[in-house]
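This is upload08.tsv (TSV, C-alpha atoms).
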chain	number	residue	atom	x	y	z
A	1	MET	CA	-0.62	-11.77	8.79
A	2	ASN	CA	-2.97	-8.80	8.74
A	3	LYS	CA	-5.31	-8.52	5.81
A	4	LEU	CA	-4.89	-5.64	3.37
A	5	ASN	CA	-7.79	-3.25	2.96
A	6	ILE	CA	-8.49	-3.01	-0.77
A	7	GLY	CA	-10.57	-0.02	-1.83
A	8	VAL	CA	-12.29	-1.12	-5.04
A	9	VAL	CA	-13.51	2.01	-6.82
A	10	PHE	CA	-16.16	1.48	-9.50
A	11	GLY	CA	-18.92	3.18	-11.46
A	12	GLY	CA	-17.80	6.66	-12.43
A	13	ALA	CA	-19.05	9.53	-14.56
A	14	SER	CA	-17.90	8.08	-17.89
A	15	PRO	CA	-20.23	6.43	-20.45
A	16	GLU	CA	-18.67	3.09	-19.40
A	17	HIS	CA	-20.31	3.27	-15.96
A	18	ASP	CA	-22.27	0.03	-16.38
A	19	VAL	CA	-19.24	-1.86	-17.70
A	20	SER	CA	-17.28	-0.73	-14.64
A	21	CYS	CA	-19.98	-2.06	-12.31
A	22	ALA	CA	-19.89	-5.41	-14.12
A	23	SER	CA	-16.08	-5.48	-13.82
A	24	ALA	CA	-16.30	-4.70	-10.10
A	25	LEU	CA	-18.61	-7.67	-9.52
A	26	ASN	CA	-15.92	-10.02	-10.80
A	27	ILE	CA	-13.18	-8.27	-8.83
A	28	PHE	CA	-15.25	-8.82	-5.67
A	29	ASN	CA	-15.64	-12.50	-6.56
A	30	TYR	CA	-11.96	-12.96	-7.46
A	31	LEU	CA	-10.35	-11.34	-4.41
A	32	ASP	CA	-9.12	-13.81	-1.79
A	33	LEU	CA	-11.03	-12.97	1.39
A	34	ASP	CA	-8.35	-14.69	3.48
A	35	LYS	CA	-5.92	-11.99	2.34
A	36	TYR	CA	-8.06	-8.91	1.76
A	37	ASN	CA	-10.86	-6.86	3.24
A	38	ILE	CA	-12.96	-5.45	0.41
A	39	ILE	CA	-13.99	-1.81	0.72
A	40	PRO	CA	-16.43	-1.14	-2.15
A	41	ILE	CA	-16.42	2.52	-3.20
A	42	TYR	CA	-19.10	3.46	-5.69
A	43	VAL	CA	-18.80	6.63	-7.78
A	44	SER	CA	-22.12	7.84	-9.17
A	45	ARG	CA	-22.68	9.07	-12.71
A	46	GLU	CA	-22.59	12.58	-11.23
A	47	GLY	CA	-19.19	11.96	-9.64
A	48	CYS	CA	-20.32	11.55	-6.01
A	49	TRP	CA	-18.43	9.00	-3.89
A	50	PHE	CA	-20.20	6.44	-1.70
A	51	LEU	CA	-19.24	3.53	0.54
A	52	TYR	CA	-21.41	0.65	-0.67
A	53	ASP	CA	-23.01	-1.30	2.19
A	54	GLY	CA	-25.14	-3.69	0.14
A	55	ASN	CA	-24.66	-7.30	-0.90
A	56	LEU	CA	-21.44	-7.57	-2.93
A	57	SER	CA	-22.87	-10.34	-5.11
A	58	LYS	CA	-25.68	-8.05	-6.27
A	59	LEU	CA	-25.18	-4.47	-7.33
A	60	PRO	CA	-28.78	-3.20	-7.60
A	61	ALA	CA	-29.92	-0.44	-9.91
A	62	ASN	CA	-30.71	1.73	-6.87
A	63	ILE	CA	-27.19	1.30	-5.54
A	64	GLU	CA	-27.12	4.66	-3.74
A	65	LYS	CA	-29.89	3.41	-1.44
A	66	TYR	CA	-27.33	1.03	0.05
A	67	SER	CA	-24.49	3.54	0.23
A	68	ALA	CA	-23.20	6.33	2.47
A	69	GLY	CA	-21.34	9.40	1.23
A	70	VAL	CA	-17.57	9.41	1.70
A	71	THR	CA	-14.48	11.36	0.72
A	72	LEU	CA	-10.93	10.19	0.09
A	73	SER	CA	-8.01	11.56	2.10
A	74	ARG	CA	-4.52	10.65	3.24
A	75	GLN	CA	-6.13	8.81	6.12
A	76	GLY	CA	-8.19	6.66	3.74
A	77	ILE	CA	-11.95	6.87	3.42
A	78	LEU	CA	-13.73	9.42	5.59
A	79	ARG	CA	-17.35	8.44	6.12
A	80	ILE	CA	-19.45	11.34	7.37
A	81	VAL	CA	-22.78	10.61	9.06
A	82	GLY	CA	-24.33	13.63	10.74
A	83	GLU	CA	-21.68	15.11	13.03
A	84	LYS	CA	-19.69	11.88	13.22
A	85	VAL	CA	-16.67	11.14	11.04
A	86	LYS	CA	-15.36	7.59	10.72
A	87	ASN	CA	-11.98	6.85	9.17
A	88	ILE	CA	-11.56	3.61	7.20
A	89	THR	CA	-7.96	2.82	6.31
A	90	ILE	CA	-7.16	1.82	2.74
A	91	ASP	CA	-3.92	0.01	2.00
A	92	VAL	CA	-4.34	-0.22	-1.79
A	93	ALA	CA	-6.79	1.48	-4.16
A	94	PHE	CA	-8.04	-0.59	-7.08
A	95	SER	CA	-9.97	1.56	-9.52
A	96	VAL	CA	-11.97	-0.33	-12.13
A	97	ILE	CA	-13.51	2.84	-13.52
A	98	HIS	CA	-13.20	2.65	-17.30
A	99	GLY	CA	-12.82	5.58	-19.66
A	100	ARG	CA	-12.64	9.23	-18.68
A	101	THR	CA	-11.60	10.01	-15.08
A	102	GLY	CA	-10.69	6.33	-14.62
A	103	GLU	CA	-8.04	5.65	-17.26
A	104	ASP	CA	-6.88	9.13	-18.25
A	105	GLY	CA	-4.67	9.90	-15.25
A	106	ALA	CA	-7.32	11.83	-13.29
A	107	ILE	CA	-8.06	9.30	-10.57
A	108	GLN	CA	-4.42	8.19	-10.57
A	109	GLY	CA	-3.45	11.77	-9.74
A	110	PHE	CA	-6.05	11.82	-6.96
A	111	PHE	CA	-4.54	8.66	-5.47
A	112	GLU	CA	-1.07	10.21	-5.73
A	113	MET	CA	-2.27	13.31	-3.89
A	114	CYS	CA	-3.70	11.10	-1.14
A	115	GLY	CA	-0.49	9.07	-0.91
A	116	LEU	CA	-2.33	5.83	-1.73
A	117	PRO	CA	-0.71	2.90	-3.52
A	118	TYR	CA	-2.92	1.92	-6.44
A	119	VAL	CA	-3.29	-0.81	-9.03
A	120	GLY	CA	-2.39	0.06	-12.61
A	121	CYS	CA	-0.49	2.61	-14.64
A	122	GLY	CA	0.66	5.95	-13.32
A	123	VAL	CA	-0.57	9.41	-14.26
A	124	SER	CA	1.52	10.04	-17.40
A	125	ALA	CA	1.18	6.54	-18.86
A	126	SER	CA	-2.58	6.58	-18.26
A	127	ALA	CA	-2.95	9.99	-19.94
A	128	ILE	CA	-0.90	8.97	-22.98
A	129	CYS	CA	-2.69	5.67	-23.49
A	130	MET	CA	-6.17	7.13	-23.07
A	131	ASP	CA	-5.69	9.57	-25.93
A	132	LYS	CA	-5.60	7.54	-29.16
A	133	THR	CA	-3.71	10.23	-31.08
A	134	ARG	CA	-0.98	10.55	-28.45
A	135	ALA	CA	-0.67	6.79	-28.09
A	136	ASN	CA	-0.35	6.50	-31.86
A	137	SER	CA	2.40	9.12	-31.87
A	138	VAL	CA	4.42	7.17	-29.32
A	139	VAL	CA	3.90	3.88	-31.14
A	140	GLU	CA	4.84	5.46	-34.48
A	141	SER	CA	8.11	6.66	-32.92
A	142	LEU	CA	8.91	3.03	-32.08
A	143	GLY	CA	8.64	2.05	-35.74
A	144	ILE	CA	5.50	-0.03	-35.14
A	145	PRO	CA	2.89	0.28	-37.93
A	146	THR	CA	-0.23	2.31	-37.08
A	147	ILE	CA	-3.46	3.03	-38.95
A	148	PRO	CA	-3.49	6.38	-40.86
A	149	TYR	CA	-5.81	8.90	-39.25
A	150	ILE	CA	-7.08	12.49	-39.25
A	151	THR	CA	-7.90	14.44	-36.09
A	152	ILE	CA	-10.78	16.90	-35.62
A	153	PHE	CA	-11.16	19.12	-32.55
A	154	GLU	CA	-14.35	20.47	-31.04
A	155	ASN	CA	-13.11	24.06	-31.40
A	156	ASP	CA	-11.93	23.68	-35.01
A	157	SER	CA	-13.45	26.29	-37.30
A	158	ASP	CA	-16.11	25.24	-39.79
A	159	ASP	CA	-13.61	25.80	-42.61
A	160	SER	CA	-11.04	23.59	-40.88
A	161	VAL	CA	-13.55	20.79	-40.32
A	162	GLU	CA	-14.72	21.05	-43.93
A	163	LYS	CA	-11.11	20.80	-45.15
A	164	LYS	CA	-10.33	17.79	-42.94
A	165	VAL	CA	-13.50	15.98	-43.96
A	166	ALA	CA	-12.60	16.60	-47.61
A	167	GLU	CA	-9.16	15.10	-46.96
A	168	VAL	CA	-10.70	11.82	-45.85
A	169	ARG	CA	-11.37	10.65	-49.41
A	170	SER	CA	-7.78	11.24	-50.58
A	171	LYS	CA	-5.87	10.32	-47.40
A	172	LEU	CA	-7.99	7.55	-45.88
A	173	GLY	CA	-10.68	6.57	-48.37
A	174	TYR	CA	-14.13	5.20	-47.65
A	175	PRO	CA	-15.36	3.57	-45.52
A	176	CYS	CA	-13.59	4.83	-42.40
A	177	PHE	CA	-14.05	4.76	-38.63
A	178	VAL	CA	-14.88	7.82	-36.54
A	179	LYS	CA	-14.12	7.60	-32.80
A	180	PRO	CA	-13.83	9.79	-29.71
A	181	ALA	CA	-10.07	10.15	-29.22
A	182	SER	CA	-10.36	9.24	-25.55
A	183	GLY	CA	-13.30	6.86	-25.66
A	184	GLY	CA	-13.66	3.22	-24.70
A	185	SER	CA	-15.90	0.19	-25.21
A	186	SER	CA	-16.53	1.51	-28.75
A	187	ILE	CA	-18.98	4.07	-27.32
A	188	GLY	CA	-19.42	6.92	-29.80
A	189	THR	CA	-17.71	4.95	-32.58
A	190	SER	CA	-19.26	4.85	-36.07
A	191	LYS	CA	-18.40	3.44	-39.47
A	192	ALA	CA	-18.84	6.11	-42.15
A	193	LYS	CA	-19.20	5.36	-45.85
A	194	ASN	CA	-19.45	8.86	-47.31
A	195	LYS	CA	-19.00	12.54	-46.49
A	196	LYS	CA	-22.51	12.94	-45.08
A	197	GLU	CA	-22.04	9.99	-42.72
A	198	ILE	CA	-18.64	11.33	-41.59
A	199	ILE	CA	-20.16	14.67	-40.60
A	200	ALA	CA	-22.90	12.90	-38.63
A	201	ALA	CA	-20.36	10.54	-37.05
A	202	VAL	CA	-18.09	13.41	-36.01
A	203	GLU	CA	-21.03	15.23	-34.39
A	204	HIS	CA	-21.92	12.02	-32.53
A	205	ALA	CA	-18.34	11.35	-31.38
A	206	LEU	CA	-17.98	14.94	-30.11
A	207	LYS	CA	-20.72	14.20	-27.58
A	208	PHE	CA	-18.17	11.99	-25.79
A	209	ASP	CA	-14.89	13.89	-26.24
A	210	TYR	CA	-13.51	17.22	-27.41
A	211	LYS	CA	-11.33	15.45	-29.98
A	212	VAL	CA	-12.25	12.95	-32.70
A	213	ILE	CA	-10.05	10.57	-34.63
A	214	ILE	CA	-11.00	9.40	-38.14
A	215	GLN	CA	-9.19	6.17	-38.99
A	216	LYS	CA	-8.63	4.41	-42.30
A	217	PHE	CA	-10.64	1.21	-42.66
A	218	ILE	CA	-8.77	-1.98	-43.40
A	219	LYS	CA	-10.28	-5.42	-43.79
A	220	CYS	CA	-8.78	-7.17	-40.83
A	221	ARG	CA	-8.93	-9.54	-37.90
A	222	GLU	CA	-8.82	-8.05	-34.40
A	223	LEU	CA	-6.10	-9.37	-32.09
A	224	GLU	CA	-5.44	-8.40	-28.47
A	225	CYS	CA	-2.48	-9.09	-26.17
A	226	SER	CA	-2.80	-8.81	-22.39
A	227	VAL	CA	0.13	-7.63	-20.29
A	228	ILE	CA	0.80	-8.06	-16.58
A	229	GLY	CA	3.86	-6.90	-14.68
A	230	SER	CA	6.12	-3.93	-14.10
A	231	GLY	CA	9.72	-2.87	-14.60
A	232	ASP	CA	11.81	-5.81	-15.75
A	233	GLU	CA	9.17	-8.41	-14.89
A	234	ILE	CA	6.64	-8.05	-17.69
A	235	GLU	CA	4.62	-10.95	-19.08
A	236	VAL	CA	2.69	-10.80	-22.34
A	237	SER	CA	-0.06	-13.23	-23.26
A	238	LEU	CA	-0.48	-14.91	-26.60
A	239	PRO	CA	-2.82	-12.81	-28.73
A	240	GLY	CA	-6.51	-13.54	-28.50
A	241	GLU	CA	-8.90	-12.91	-31.36
A	242	ILE	CA	-12.26	-11.17	-31.31
A	243	VAL	CA	-14.88	-12.70	-33.58
A	244	THR	CA	-18.14	-10.85	-34.16
A	245	PRO	CA	-20.91	-11.13	-36.76
A	246	GLU	CA	-21.35	-7.36	-36.83
A	247	GLU	CA	-19.60	-4.81	-39.06
A	248	PHE	CA	-17.23	-3.92	-36.24
A	249	TYR	CA	-16.80	-4.67	-32.54
A	250	SER	CA	-19.30	-2.11	-31.31
A	251	TYR	CA	-20.62	-1.71	-27.75
A	252	ASP	CA	-23.64	-3.81	-28.72
A	253	ALA	CA	-21.42	-6.49	-30.27
A	254	LYS	CA	-19.27	-6.58	-27.12
A	255	TYR	CA	-21.97	-6.82	-24.49
A	256	ASN	CA	-25.27	-7.76	-26.12
A	257	ASN	CA	-24.55	-10.05	-29.06
A	258	PRO	CA	-24.21	-13.67	-27.85
A	259	VAL	CA	-22.53	-14.69	-31.12
A	260	SER	CA	-19.49	-12.47	-30.47
A	261	LYS	CA	-16.68	-14.41	-28.82
A	262	ASN	CA	-13.02	-14.42	-27.84
A	263	ILE	CA	-10.70	-17.10	-29.17
A	264	ILE	CA	-7.65	-17.67	-26.95
A	265	PRO	CA	-5.09	-18.15	-28.34
A	266	ALA	CA	-5.85	-16.65	-31.74
A	267	PRO	CA	-5.48	-19.12	-34.62
A	268	VAL	CA	-2.61	-17.28	-36.32
A	269	ASP	CA	0.89	-18.21	-37.47
A	270	LYS	CA	3.56	-18.24	-34.76
A	271	LYS	CA	5.40	-15.39	-36.49
A	272	ILE	CA	2.32	-13.16	-36.25
A	273	ALA	CA	1.73	-14.12	-32.61
A	274	ASP	CA	5.38	-13.46	-31.75
A	275	THR	CA	5.27	-10.07	-33.48
A	276	ALA	CA	2.11	-9.04	-31.59
A	277	MET	CA	3.74	-10.05	-28.30
A	278	GLU	CA	7.00	-8.25	-29.11
A	279	TYR	CA	5.13	-5.09	-30.08
A	280	SER	CA	3.06	-5.29	-26.89
A	281	PHE	CA	6.15	-5.64	-24.70
A	282	GLU	CA	7.86	-2.71	-26.42
A	283	ILE	CA	4.79	-0.45	-26.19
A	284	PHE	CA	4.12	-1.29	-22.53
A	285	LYS	CA	7.78	-0.74	-21.62
A	286	SER	CA	8.26	2.45	-23.66
A	287	ILE	CA	5.19	4.22	-22.26
A	288	GLU	CA	6.28	3.11	-18.75
A	289	CYS	CA	3.06	1.27	-18.05
A	290	SER	CA	2.70	-0.64	-14.80
A	291	GLY	CA	0.49	-3.45	-13.58
A	292	LEU	CA	-1.76	-4.21	-16.51
A	293	ALA	CA	-2.81	-3.25	-20.00
A	294	ARG	CA	-4.48	-4.76	-23.04
A	295	ILE	CA	-2.96	-3.84	-26.40
A	296	ASP	CA	-5.11	-4.16	-29.50
A	297	PHE	CA	-4.01	-4.78	-33.07
A	298	PHE	CA	-5.50	-5.10	-36.54
A	299	LEU	CA	-4.20	-7.95	-38.70
A	300	GLU	CA	-4.75	-6.94	-42.32
A	301	GLN	CA	-6.23	-9.95	-44.09
A	302	LYS	CA	-4.69	-9.48	-47.53
A	303	THR	CA	-1.13	-8.83	-46.30
A	304	ASP	CA	-0.94	-10.36	-42.79
A	305	LYS	CA	0.57	-7.05	-41.71
A	306	LEU	CA	0.00	-6.13	-38.07
A	307	PHE	CA	-1.11	-2.60	-37.14
A	308	PHE	CA	-1.39	-1.07	-33.67
A	309	ASN	CA	-4.94	0.03	-32.86
A	310	GLU	CA	-5.05	1.15	-29.21
A	311	ILE	CA	-3.98	0.39	-25.64
A	312	ASN	CA	-6.29	0.07	-22.62
A	313	THR	CA	-4.75	0.60	-19.18
A	314	MET	CA	-7.81	-0.62	-17.27
A	315	PRO	CA	-9.32	-3.32	-19.46
A	316	GLY	CA	-12.63	-4.89	-18.58
A	317	PHE	CA	-12.97	-7.63	-15.97
A	318	THR	CA	-16.48	-8.66	-17.05
A	319	ASN	CA	-17.46	-12.26	-17.78
A	320	ILE	CA	-16.72	-11.75	-21.48
A	321	SER	CA	-13.58	-9.59	-21.19
A	322	MET	CA	-10.43	-10.66	-23.01
A	323	TYR	CA	-7.96	-9.52	-20.34
A	324	PRO	CA	-8.76	-11.89	-17.45
A	325	GLN	CA	-9.35	-14.77	-19.87
A	326	SER	CA	-5.92	-14.25	-21.47
A	327	ILE	CA	-4.10	-13.94	-18.14
A	328	VAL	CA	-5.77	-17.12	-16.85
A	329	HIS	CA	-4.72	-18.86	-20.07
A	330	MET	CA	-1.11	-17.94	-19.16
A	331	GLY	CA	-1.44	-20.08	-16.03
A	332	TYR	CA	-2.73	-17.62	-13.45
A	333	SER	CA	-5.86	-18.20	-11.45
A	334	PRO	CA	-8.20	-15.20	-11.15
A	335	GLN	CA	-7.06	-14.90	-7.51
A	336	SER	CA	-3.33	-15.04	-8.28
A	337	MET	CA	-3.82	-12.51	-11.10
A	338	LEU	CA	-5.24	-10.00	-8.61
A	339	ASP	CA	-2.58	-10.92	-6.05
A	340	ARG	CA	0.08	-10.03	-8.61
A	341	LEU	CA	-1.55	-6.70	-9.49
A	342	ILE	CA	-1.94	-5.73	-5.84
A	343	ASN	CA	1.64	-6.78	-5.07
A	344	ILE	CA	2.90	-4.55	-7.89
A	345	ALA	CA	0.87	-1.66	-6.47
A	346	VAL	CA	2.29	-2.14	-2.97
A	347	TYR	CA	5.91	-2.22	-4.12
A	348	LYS	CA	5.67	0.19	-7.08
A	349	PRO	CA	8.36	2.91	-6.74

For the file at hand, write its structure as structure tokens.
Amino acid sequence: MNKLNIGVVFGGASPEHDVSCASALNIFNYLDLDKYNIIPIYVSREGCWFLYDGNLSKLPANIEKYSAGVTLSRQGILRIVGEKVKNITIDVAFSVIHGRTGEDGAIQGFFEMCGLPYVGCGVSASAICMDKTRANSVVESLGIPTIPYITIFENDSDDSVEKKVAEVRSKLGYPCFVKPASGGSSIGTSKAKNKKEIIAAVEHALKFDYKVIIQKFIKCRELECSVIGSGDEIEVSLPGEIVTPEEFYSYDAKYNNPVSKNIIPAPVDKKIADTAMEYSFEIFKSIECSGLARIDFFLEQKTDKLFFNEINTMPGFTNISMYPQSIVHMGYSPQSMLDRLINIAVYKP
């Protein structure tokens, strides 16, 4: 049987560039080389595409030194060196670019235009899930509890922003969380304890997105369910729990604090676990997700009520990421997990 050429696209122009590179390293290690040829496609922080020719086990800081410029087309990858053009066929694209351009439907639309099968959710599902306000609207329509929030836009007038900030005390209370609406890895997220801190947090979040979401704070535990599948064959993992010594699961807590950890499965009552899994299945199915997603919840400590937080359509594959750990806990090996995702991509309608 001929091997499939898997174009693994990583890096990207989003603030999660480094996380994507770390995810790609594990994808390279997980892929079964008896089944697949790996074609590593690096996207620089400026958005330039390169074919990476270096050692796959080591992605150096000067990665572009080991790369040649390419472009994507219906024929696959076109590598241009001088006056020569070499075509490299791609059977399946596997983008592990996190955040903007990677999870918001942009690169999915590019793959669609090139006629390439690709791993993960389609254009509309990716766009909905990336935007926290739109995802919340869909989840609210399903009758699933969500966290109250207020939205501020970059082009809102000063009067409008002042009014919305004033509403925080009455509608949400202090403290509260301020996030880029389409951010990831907690980049640009702040916990604000008063009006002055909210204004500073909004200004910070607007550096990463044109829209900001201010969410009510609840004292909670953080649970995450991982989903794999498509159509009528969807599997949901038991919820895992994130434990961190910091105020919230910030970027630093995720990737730099050795005390932060994932507990799989989460030590919660069966009823809570079942509810999280049922909600995850319903959300994944209703938004018409495909392939994979990680769905995050807050479990309010004083009531044991479960609230939807957000959904990630390209969760991390780093050494500390919840998604691959949860899927392996379901009985998959890392190799069979990727086999399943690639198989879904090949046969996705």

If you take every atom of segment 175-185 of chain A that the file lists and fit an axis-aligned box around them with 8 Å extra on each side, what centre and edge lengths come out in Å to one decimal, as JSON?
{"center_x": -13.0, "center_y": 5.2, "center_z": -35.1, "size_x": 21.8, "size_y": 26.0, "size_z": 36.8}

Next item on the list: Would you work out the distance separating atom CA of Ile152 of chain A from atom CA of Asn194 of chain A, expressed in Å to one decimal?
Entry: 16.6 Å

Check: Got a sec: who's within 7 Å of Ile263 of chain A, counting all atoms listed in the file, leaving out chain neighbours fewer than 3 positions off, as a list in words?
Finding: Gly240, Glu241, Ile242 and Ala266 of chain A

Check: Any idea what's packed within 9 Å of Lys132 of chain A, counting all atoms listed in the file, ignoring anything in its chain fewer than 3 positions away? Could you give it as a list in words?
Finding: Ile128, Cys129, Ala135, Asn136, Ser137, Pro180, Ala181, Ser182, Gly183, Ile213, Asn309, Glu310 and Ile311 of chain A

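Using all atoms listed in the file, the shortest contact distance between Asn26 of chain A and any of A:Leu56, A:Met322, A:Ile6, A:Ile39 is found at A:Leu56.
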
Next item on the list: Take atom CA of Leu25 of chain A and atom CA of Leu338 of chain A and report the distance between them in Å, one decimal.
Entry: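 Distance between the two atoms: 13.6 Å.
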
Next item on the list: Go through A:Leu341, A:Val227, A:Val168, A:Cys289 and flag the residue nearest Ile199 of chain A, using all atoms listed in the file for the distances.
Entry: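 Among the listed residues, A:Val168 lies closest to Ile199 of chain A.
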
Check: Which distance in Å separates atom CA of Ser126 of chain A and atom CA of Gly105 of chain A, to one decimal?
Finding: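 Taking atom CA of Ser126 of chain A and atom CA of Gly105 of chain A, their separation equals 4.9 Å.
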
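Minimum atom-to-atom distances from A:Val81, A:Val212, A:Ile264, A:Ile234 to Ser321 of chain A were compared using only C-alpha atoms, and the lowest value belongs to A:Ile264.
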
Next item on the list: For segment 275-280 of chain A, list every protein, DNA or RNA residue within 9 Å, evaluated using only C-alpha atoms, and leave out those in the same chain fewer than 2 positions away; present the list as a PyMOL selection string.
Entry: chain A and resi 144+223-227+236-239+270-273+282-285+294-297+306+308

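At a cut-off of 10 Å from (-20.3, 9.7, -36.4), the residue set is Phe177, Val178, Lys179, Pro180, Gly188, Thr189, Ser190, Lys191, Ala192, Lys196, Glu197, Ile198, Ile199, Ala200, Ala201, Val202, Glu203, His204, Ala205, Leu206, Lys207, Val212 and Ile214 of chain A (counting only C-alpha atoms).
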
Serialized selection, C-alpha atoms, as a short mmCIF file (atom, residue, chain, number, x, y, z; two decimals), in the frame of the given file:
data_model
loop_
_atom_site.label_atom_id
_atom_site.label_comp_id
_atom_site.auth_asym_id
_atom_site.auth_seq_id
_atom_site.Cartn_x
_atom_site.Cartn_y
_atom_site.Cartn_z
CA PHE A 177 -14.05 4.76 -38.63
CA VAL A 178 -14.88 7.82 -36.54
CA LYS A 179 -14.12 7.60 -32.80
CA PRO A 180 -13.83 9.79 -29.71
CA GLY A 188 -19.42 6.92 -29.80
CA THR A 189 -17.71 4.95 -32.58
CA SER A 190 -19.26 4.85 -36.07
CA LYS A 191 -18.40 3.44 -39.47
CA ALA A 192 -18.84 6.11 -42.15
CA LYS A 196 -22.51 12.94 -45.08
CA GLU A 197 -22.04 9.99 -42.72
CA ILE A 198 -18.64 11.33 -41.59
CA ILE A 199 -20.16 14.67 -40.60
CA ALA A 200 -22.90 12.90 -38.63
CA ALA A 201 -20.36 10.54 -37.05
CA VAL A 202 -18.09 13.41 -36.01
CA GLU A 203 -21.03 15.23 -34.39
CA HIS A 204 -21.92 12.02 -32.53
CA ALA A 205 -18.34 11.35 -31.38
CA LEU A 206 -17.98 14.94 -30.11
CA LYS A 207 -20.72 14.20 -27.58
CA VAL A 212 -12.25 12.95 -32.70
CA ILE A 214 -11.00 9.40 -38.14
#

Notebook entry, point to check: Ser124 of chain A: which residues within 12 Å, counting all atoms listed in the file, same-chain residues fewer than 3 positions away excluded, as a PyMOL selection string?
Noted result: chain A and resi 103-109+112+120-121+127-131+134-135+286-290+313

Checklist line | Cut-off 12 Å around (-1.6, -15.0, -13.6) with all atoms listed in the file: residues as a list in words | finding: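 These residues have at least one counted atom within 12 Å: Ser226, Val227, Ile228, Gly229, Ile234, Glu235, Val236, Ser237, Gly291, Leu292, Tyr323, Pro324, Gln325, Ser326, Ile327, Val328, His329, Met330, Gly331, Tyr332, Ser333, Pro334, Gln335, Ser336, Met337, Leu338, Asp339, Arg340 and Leu341 of chain A.
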
Next item on the list: Write out as an MDAnalysis selection string which residues come within 10 Å of Gly47 of chain A when counting all atoms listed in the file, dropping same-chain ones fewer than 2 positions away.
Entry: chainID A and resid 11:14 42:45 49:50 101

Note to self: I'd like to know which of A:Ile218, A:Ile320, A:Ile150, A:Ala22 is closest to Phe307 of chain A, using all atoms listed in the file.
What the structure shows: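 So, comparing all the options, the nearest one is A:Ile218.
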
Notebook entry, point to check: Restricting the calculation to only C-alpha atoms, which member of A:Asp34, A:Asp304, A:Glu222, A:Asp159 is positioned closest to Lys261 of chain A?
Noted result: A:Glu222
